[in-house]
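Just structure05.pdb here, PDB, C-alpha atoms and all ligand atoms:
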ATOM      1  CA  MET A  34     -46.185  18.536  15.009  1.00  0.00           C
ATOM      2  CA  ASP A  35     -42.815  17.192  16.163  1.00  0.00           C
ATOM      3  CA  GLU A  36     -41.802  16.858  12.544  1.00  0.00           C
ATOM      4  CA  ILE A  37     -42.422  20.557  11.976  1.00  0.00           C
ATOM      5  CA  ARG A  38     -40.523  21.478  15.124  1.00  0.00           C
ATOM      6  CA  MET A  39     -37.520  19.473  13.941  1.00  0.00           C
ATOM      7  CA  LYS A  40     -37.703  21.038  10.503  1.00  0.00           C
ATOM      8  CA  LEU A  41     -37.925  24.553  11.916  1.00  0.00           C
ATOM      9  CA  ASP A  42     -35.093  23.851  14.318  1.00  0.00           C
ATOM     10  CA  LYS A  43     -32.906  22.477  11.544  1.00  0.00           C
ATOM     11  CA  GLU A  44     -33.598  25.410   9.221  1.00  0.00           C
ATOM     12  CA  LEU A  45     -32.984  27.855  12.045  1.00  0.00           C
ATOM     13  CA  ARG A  46     -29.602  26.303  12.737  1.00  0.00           C
ATOM     14  CA  GLU A  47     -28.696  26.304   9.047  1.00  0.00           C
ATOM     15  CA  ALA A  48     -29.659  29.945   8.650  1.00  0.00           C
ATOM     16  CA  ILE A  49     -27.607  30.938  11.705  1.00  0.00           C
ATOM     17  CA  GLY A  50     -24.691  28.873  10.375  1.00  0.00           C
ATOM     18  CA  ARG A  51     -24.835  30.640   7.034  1.00  0.00           C
ATOM     19  CA  LEU A  52     -24.936  34.014   8.751  1.00  0.00           C
ATOM     20  CA  ARG A  53     -21.861  33.139  10.791  1.00  0.00           C
ATOM     21  CA  ARG A  54     -19.987  32.063   7.671  1.00  0.00           C
ATOM     22  CA  MET A  55     -20.810  35.344   5.982  1.00  0.00           C
ATOM     23  CA  GLY A  56     -18.829  37.065   8.696  1.00  0.00           C
ATOM     24  CA  GLY A  57     -19.442  40.351  10.378  1.00  0.00           C
ATOM     25  CA  GLY A  58     -20.866  38.613  13.408  1.00  0.00           C
ATOM     26  CA  LEU A  59     -24.369  38.949  14.715  1.00  0.00           C
ATOM     27  CA  ALA A  60     -25.454  42.269  16.130  1.00  0.00           C
ATOM     28  CA  ALA A  61     -27.629  42.269  19.209  1.00  0.00           C
ATOM     29  CA  ASP A  62     -30.498  43.477  17.044  1.00  0.00           C
ATOM     30  CA  ASP A  63     -30.145  40.415  14.834  1.00  0.00           C
ATOM     31  CA  LEU A  64     -30.872  37.917  17.549  1.00  0.00           C
ATOM     32  CA  PRO A  65     -34.175  36.098  17.448  1.00  0.00           C
ATOM     33  CA  GLY A  66     -36.715  37.679  19.682  1.00  0.00           C
ATOM     34  CA  ALA A  67     -35.421  41.189  19.110  1.00  0.00           C
ATOM     35  CA  ILE A  68     -38.144  41.674  16.539  1.00  0.00           C
ATOM     36  CA  GLY A  69     -41.286  40.848  18.411  1.00  0.00           C
ATOM     37  CA  ASP A  70     -44.557  41.192  16.587  1.00  0.00           C
ATOM     38  CA  ASN A  71     -45.504  41.487  12.953  1.00  0.00           C
ATOM     39  CA  SER A  72     -42.537  43.346  11.604  1.00  0.00           C
ATOM     40  CA  PRO A  73     -43.242  44.568   8.070  1.00  0.00           C
ATOM     41  CA  PHE A  74     -39.514  44.296   7.476  1.00  0.00           C
ATOM     42  CA  ALA A  75     -39.783  40.936   5.704  1.00  0.00           C
ATOM     43  CA  ASP A  76     -41.668  42.405   2.802  1.00  0.00           C
ATOM     44  CA  GLU A  77     -39.349  45.372   2.523  1.00  0.00           C
ATOM     45  CA  VAL A  78     -36.456  43.073   1.720  1.00  0.00           C
ATOM     46  CA  ASP A  79     -38.164  42.031  -1.505  1.00  0.00           C
ATOM     47  CA  GLY A  80     -38.282  45.633  -2.638  1.00  0.00           C
ATOM     48  CA  ILE A  81     -34.588  46.284  -2.277  1.00  0.00           C
ATOM     49  CA  GLN A  82     -32.980  47.048  -5.614  1.00  0.00           C
ATOM     50  CA  VAL A  83     -29.949  44.847  -5.995  1.00  0.00           C
ATOM     51  CA  ASN A  84     -27.570  46.009  -8.678  1.00  0.00           C
ATOM     52  CA  GLU A  85     -24.146  45.530  -7.151  1.00  0.00           C
ATOM     53  CA  SER A  86     -22.602  42.408  -5.707  1.00  0.00           C
ATOM     54  CA  ARG A  87     -21.815  44.342  -2.530  1.00  0.00           C
ATOM     55  CA  GLU A  88     -25.472  45.137  -2.137  1.00  0.00           C
ATOM     56  CA  LEU A  89     -26.380  41.574  -3.006  1.00  0.00           C
ATOM     57  CA  GLY A  90     -24.300  40.433  -0.047  1.00  0.00           C
ATOM     58  CA  PHE A  91     -26.077  42.897   2.168  1.00  0.00           C
ATOM     59  CA  ALA A  92     -29.514  41.936   0.910  1.00  0.00           C
ATOM     60  CA  THR A  93     -28.759  38.246   1.332  1.00  0.00           C
ATOM     61  CA  ARG A  94     -27.577  38.842   4.871  1.00  0.00           C
ATOM     62  CA  THR A  95     -30.635  40.932   5.654  1.00  0.00           C
ATOM     63  CA  MET A  96     -32.894  38.199   4.321  1.00  0.00           C
ATOM     64  CA  LEU A  97     -31.054  35.585   6.352  1.00  0.00           C
ATOM     65  CA  VAL A  98     -31.393  37.630   9.532  1.00  0.00           C
ATOM     66  CA  GLU A  99     -35.085  38.037   8.822  1.00  0.00           C
ATOM     67  CA  ARG A 100     -35.420  34.308   8.186  1.00  0.00           C
ATOM     68  CA  VAL A 101     -33.706  33.506  11.480  1.00  0.00           C
ATOM     69  CA  ASN A 102     -36.172  35.757  13.253  1.00  0.00           C
ATOM     70  CA  ARG A 103     -39.161  34.235  11.488  1.00  0.00           C
ATOM     71  CA  LEU A 104     -38.027  30.680  12.178  1.00  0.00           C
ATOM     72  CA  ALA A 105     -37.482  31.505  15.846  1.00  0.00           C
ATOM     73  CA  GLU A 106     -40.913  33.109  15.989  1.00  0.00           C
ATOM     74  CA  ALA A 107     -42.451  30.070  14.327  1.00  0.00           C
ATOM     75  CA  LEU A 108     -40.909  27.859  17.019  1.00  0.00           C
ATOM     76  CA  ASP A 109     -42.356  30.175  19.672  1.00  0.00           C
ATOM     77  CA  ARG A 110     -45.746  30.002  18.030  1.00  0.00           C
ATOM     78  CA  LEU A 111     -45.469  26.235  17.892  1.00  0.00           C
ATOM     79  CA  SER A 112     -44.862  26.151  21.654  1.00  0.00           C
ATOM     80  CA  GLU A 113     -47.866  28.412  22.216  1.00  0.00           C
ATOM     81  CA  GLY A 114     -50.085  26.269  20.013  1.00  0.00           C
ATOM     82  CA  ALA A 115     -50.548  29.174  17.614  1.00  0.00           C
ATOM     83  CA  TYR A 116     -48.505  27.685  14.820  1.00  0.00           C
ATOM     84  CA  GLY A 117     -50.094  27.318  11.392  1.00  0.00           C
ATOM     85  CA  VAL A 118     -52.721  29.972  12.034  1.00  0.00           C
ATOM     86  CA  CYS A 119     -52.665  33.119   9.916  1.00  0.00           C
ATOM     87  CA  VAL A 120     -51.672  36.152  12.006  1.00  0.00           C
ATOM     88  CA  GLU A 121     -53.851  38.379   9.832  1.00  0.00           C
ATOM     89  CA  CYS A 122     -57.183  36.614   9.577  1.00  0.00           C
ATOM     90  CA  GLY A 123     -56.857  33.814  12.150  1.00  0.00           C
ATOM     91  CA  GLU A 124     -57.621  31.029   9.692  1.00  0.00           C
ATOM     92  CA  ARG A 125     -55.534  27.909   9.324  1.00  0.00           C
ATOM     93  CA  ILE A 126     -52.706  28.109   6.815  1.00  0.00           C
ATOM     94  CA  ALA A 127     -52.786  25.377   4.149  1.00  0.00           C
ATOM     95  CA  PRO A 128     -50.550  22.418   5.128  1.00  0.00           C
ATOM     96  CA  ALA A 129     -48.880  22.441   1.686  1.00  0.00           C
ATOM     97  CA  ARG A 130     -47.876  26.066   2.213  1.00  0.00           C
ATOM     98  CA  LEU A 131     -46.449  25.257   5.646  1.00  0.00           C
ATOM     99  CA  ARG A 132     -44.450  22.375   4.233  1.00  0.00           C
ATOM    100  CA  ALA A 133     -42.956  24.616   1.547  1.00  0.00           C
ATOM    101  CA  LEU A 134     -42.402  27.603   3.864  1.00  0.00           C
ATOM    102  CA  PRO A 135     -42.509  26.407   7.475  1.00  0.00           C
ATOM    103  CA  GLU A 136     -41.916  29.911   8.847  1.00  0.00           C
ATOM    104  CA  VAL A 137     -44.850  31.650   7.133  1.00  0.00           C
ATOM    105  CA  GLN A 138     -47.297  33.491   9.371  1.00  0.00           C
ATOM    106  CA  THR A 139     -49.976  34.374   6.859  1.00  0.00           C
ATOM    107  CA  CYS A 140     -52.261  32.451   4.533  1.00  0.00           C
ATOM    108  CA  VAL A 141     -51.965  32.884   0.765  1.00  0.00           C
ATOM    109  CA  ARG A 142     -54.869  35.307   0.629  1.00  0.00           C
ATOM    110  CA  CYS A 143     -53.468  37.623   3.295  1.00  0.00           C
ATOM    111  CA  GLN A 144     -49.990  37.393   1.789  1.00  0.00           C
ATOM    112  CA  ASP A 145     -51.399  38.529  -1.568  1.00  0.00           C
ATOM    113  CA  ARG A 146     -53.278  41.361   0.061  1.00  0.00           C
ATOM    114  CA  LEU A 147     -50.203  42.501   2.007  1.00  0.00           C
ATOM    115  CA  GLU A 148     -48.049  42.424  -1.103  1.00  0.00           C
ATOM    116  CA  ARG A 149     -50.562  44.419  -3.094  1.00  0.00           C
ATOM    117  CA  MET A 150     -50.775  46.945  -0.287  1.00  0.00           C
ATOM    118  CA  GLU A 151     -46.998  47.118  -0.169  1.00  0.00           C
ATOM    119  CA  ARG A 152     -46.770  47.842  -3.876  1.00  0.00           C
ATOM    120  CA  ARG A 153     -49.441  50.495  -3.658  1.00  0.00           C
ATOM    121  CA  MET A 154     -47.672  52.165  -0.758  1.00  0.00           C
ATOM    122  CA  GLU A 155     -44.498  52.272  -2.792  1.00  0.00           C
ATOM    123  CA  THR A 156     -46.317  53.960  -5.654  1.00  0.00           C
ATOM    124  CA  VAL A 157     -48.601  56.315  -3.802  1.00  0.00           C
ATOM    125  CA  GLY A 158     -46.530  56.802  -0.684  1.00  0.00           C
ATOM    126  CA  ALA A 159     -47.559  55.777   2.776  1.00  0.00           C
ATOM    127  CA  VAL A 160     -51.087  57.150   2.819  1.00  0.00           C
ATOM    128  CA  PHE A 161     -52.589  54.729   5.271  1.00  0.00           C
ATOM    129  CA  GLY A 162     -56.012  56.353   5.469  1.00  0.00           C
ATOM    130  CA  ASP A 163     -56.898  55.823   1.816  1.00  0.00           C
ATOM    131  CA  ILE A 164     -55.718  52.232   1.739  1.00  0.00           C
ATOM    132  CA  SER A 165     -57.774  50.978   4.659  1.00  0.00           C
ATOM    133  CA  GLU A 166     -61.002  52.092   2.972  1.00  0.00           C
ATOM    134  CA  GLU A 167     -60.329  49.891  -0.012  1.00  0.00           C
ATOM    135  CA  ILE A 168     -59.677  46.634   1.789  1.00  0.00           C
TER     136      ILE A 168
HETATM  137 ZN    ZN B   1     -55.030  35.075   6.413  1.00  0.00          ZN
END
Could you write out this file's structure as structure tokens?
Amino acid sequence: MDEIRMKLDKELREAIGRLRRMGGGLAADDLPGAIGDNSPFADEVDGIQVNESRELGFATRTMLVERVNRLAEALDRLSEGAYGVCVECGERIAPARLRALPEVQTCVRCQDRLERMERRMETVGAVFGDISEEI
């Protein structure tokens, strides 16, 4: 597990370094720990329409901030012994997936389900009642 901790730590530092180089400084809200539990924000970033370089910069920064938060959370979870367990279903996340994306908090199945739900919410609008019946 030490190997994962070092990897997470290294990626966290790199992400923070990149953010600093992008300028603008870090807002208090950006700091790891500000976003506590399962923020759905990560998936929203994917849906952002990027059609101008200005917006690309913003989207990249937003994704970096989100990554910093997820890496910091992953380190927390590692300390608590909860690392590598899916936050949705409680099953172990595949080691190959963790190696590729050390900060993930969900298994492939739950990730798929969340993404499908996200897309449906974008189409239908946030009608939570109908969605839960179909899961
Ligand atoms: Zn899961």
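The shortest atom-to-atom distance to Leu45 in chain A, with all atoms listed in the file taken into account, belongs to A:Val98 out of A:Leu111, A:Val98, A:Ala92, A:Ala127.
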Distance filter 12 Å around ligand ZN 1 (chain B), atoms: only C-alpha atoms and all ligand atoms, out as an mmCIF file with C-alpha atoms, keeping the file's coordinate frame:
data_model
loop_
_atom_site.group_PDB
_atom_site.id
_atom_site.type_symbol
_atom_site.label_atom_id
_atom_site.label_comp_id
_atom_site.auth_asym_id
_atom_site.auth_seq_id
_atom_site.Cartn_x
_atom_site.Cartn_y
_atom_site.Cartn_z
ATOM 1 C CA GLY A 117 -50.094 27.318 11.392
ATOM 2 C CA VAL A 118 -52.721 29.972 12.034
ATOM 3 C CA CYS A 119 -52.665 33.119 9.916
ATOM 4 C CA VAL A 120 -51.672 36.152 12.006
ATOM 5 C CA GLU A 121 -53.851 38.379 9.832
ATOM 6 C CA CYS A 122 -57.183 36.614 9.577
ATOM 7 C CA GLY A 123 -56.857 33.814 12.150
ATOM 8 C CA GLU A 124 -57.621 31.029 9.692
ATOM 9 C CA ARG A 125 -55.534 27.909 9.324
ATOM 10 C CA ILE A 126 -52.706 28.109 6.815
ATOM 11 C CA ALA A 127 -52.786 25.377 4.149
ATOM 12 C CA VAL A 137 -44.850 31.650 7.133
ATOM 13 C CA GLN A 138 -47.297 33.491 9.371
ATOM 14 C CA THR A 139 -49.976 34.374 6.859
ATOM 15 C CA CYS A 140 -52.261 32.451 4.533
ATOM 16 C CA VAL A 141 -51.965 32.884 0.765
ATOM 17 C CA ARG A 142 -54.869 35.307 0.629
ATOM 18 C CA CYS A 143 -53.468 37.623 3.295
ATOM 19 C CA GLN A 144 -49.990 37.393 1.789
ATOM 20 C CA ASP A 145 -51.399 38.529 -1.568
ATOM 21 C CA ARG A 146 -53.278 41.361 0.061
ATOM 22 C CA LEU A 147 -50.203 42.501 2.007
#
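Taking CA of Arg94 in chain A and CA of Arg54 in chain A as endpoints, the distance between them is 10.6 Å.
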Expressed in Å to a single decimal, how great is the separation between CA of Glu99 in chain A and CA of Arg152 in chain A?
19.8 Å
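Interatomic distance, CA of Ile49 in chain A to CA of Val101 in chain A: 6.6 Å.
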Calculated over only C-alpha atoms, which of the candidates A:Arg130, A:Arg53, A:Arg153, A:Arg38 has the smallest distance to Glu106 in chain A?
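Between A:Arg130, A:Arg53, A:Arg153, A:Arg38, the residue approaching Glu106 in chain A most closely is A:Arg38.
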Take the point (-40.6, 29.0, 17.6) as written in the file and pick out every residue within 10 Å of it, counting all atoms listed in the file; give the list as an MDAnalysis selection string.
chainID A and resid 38 41:42 45 65:66 102:113 115:116 136
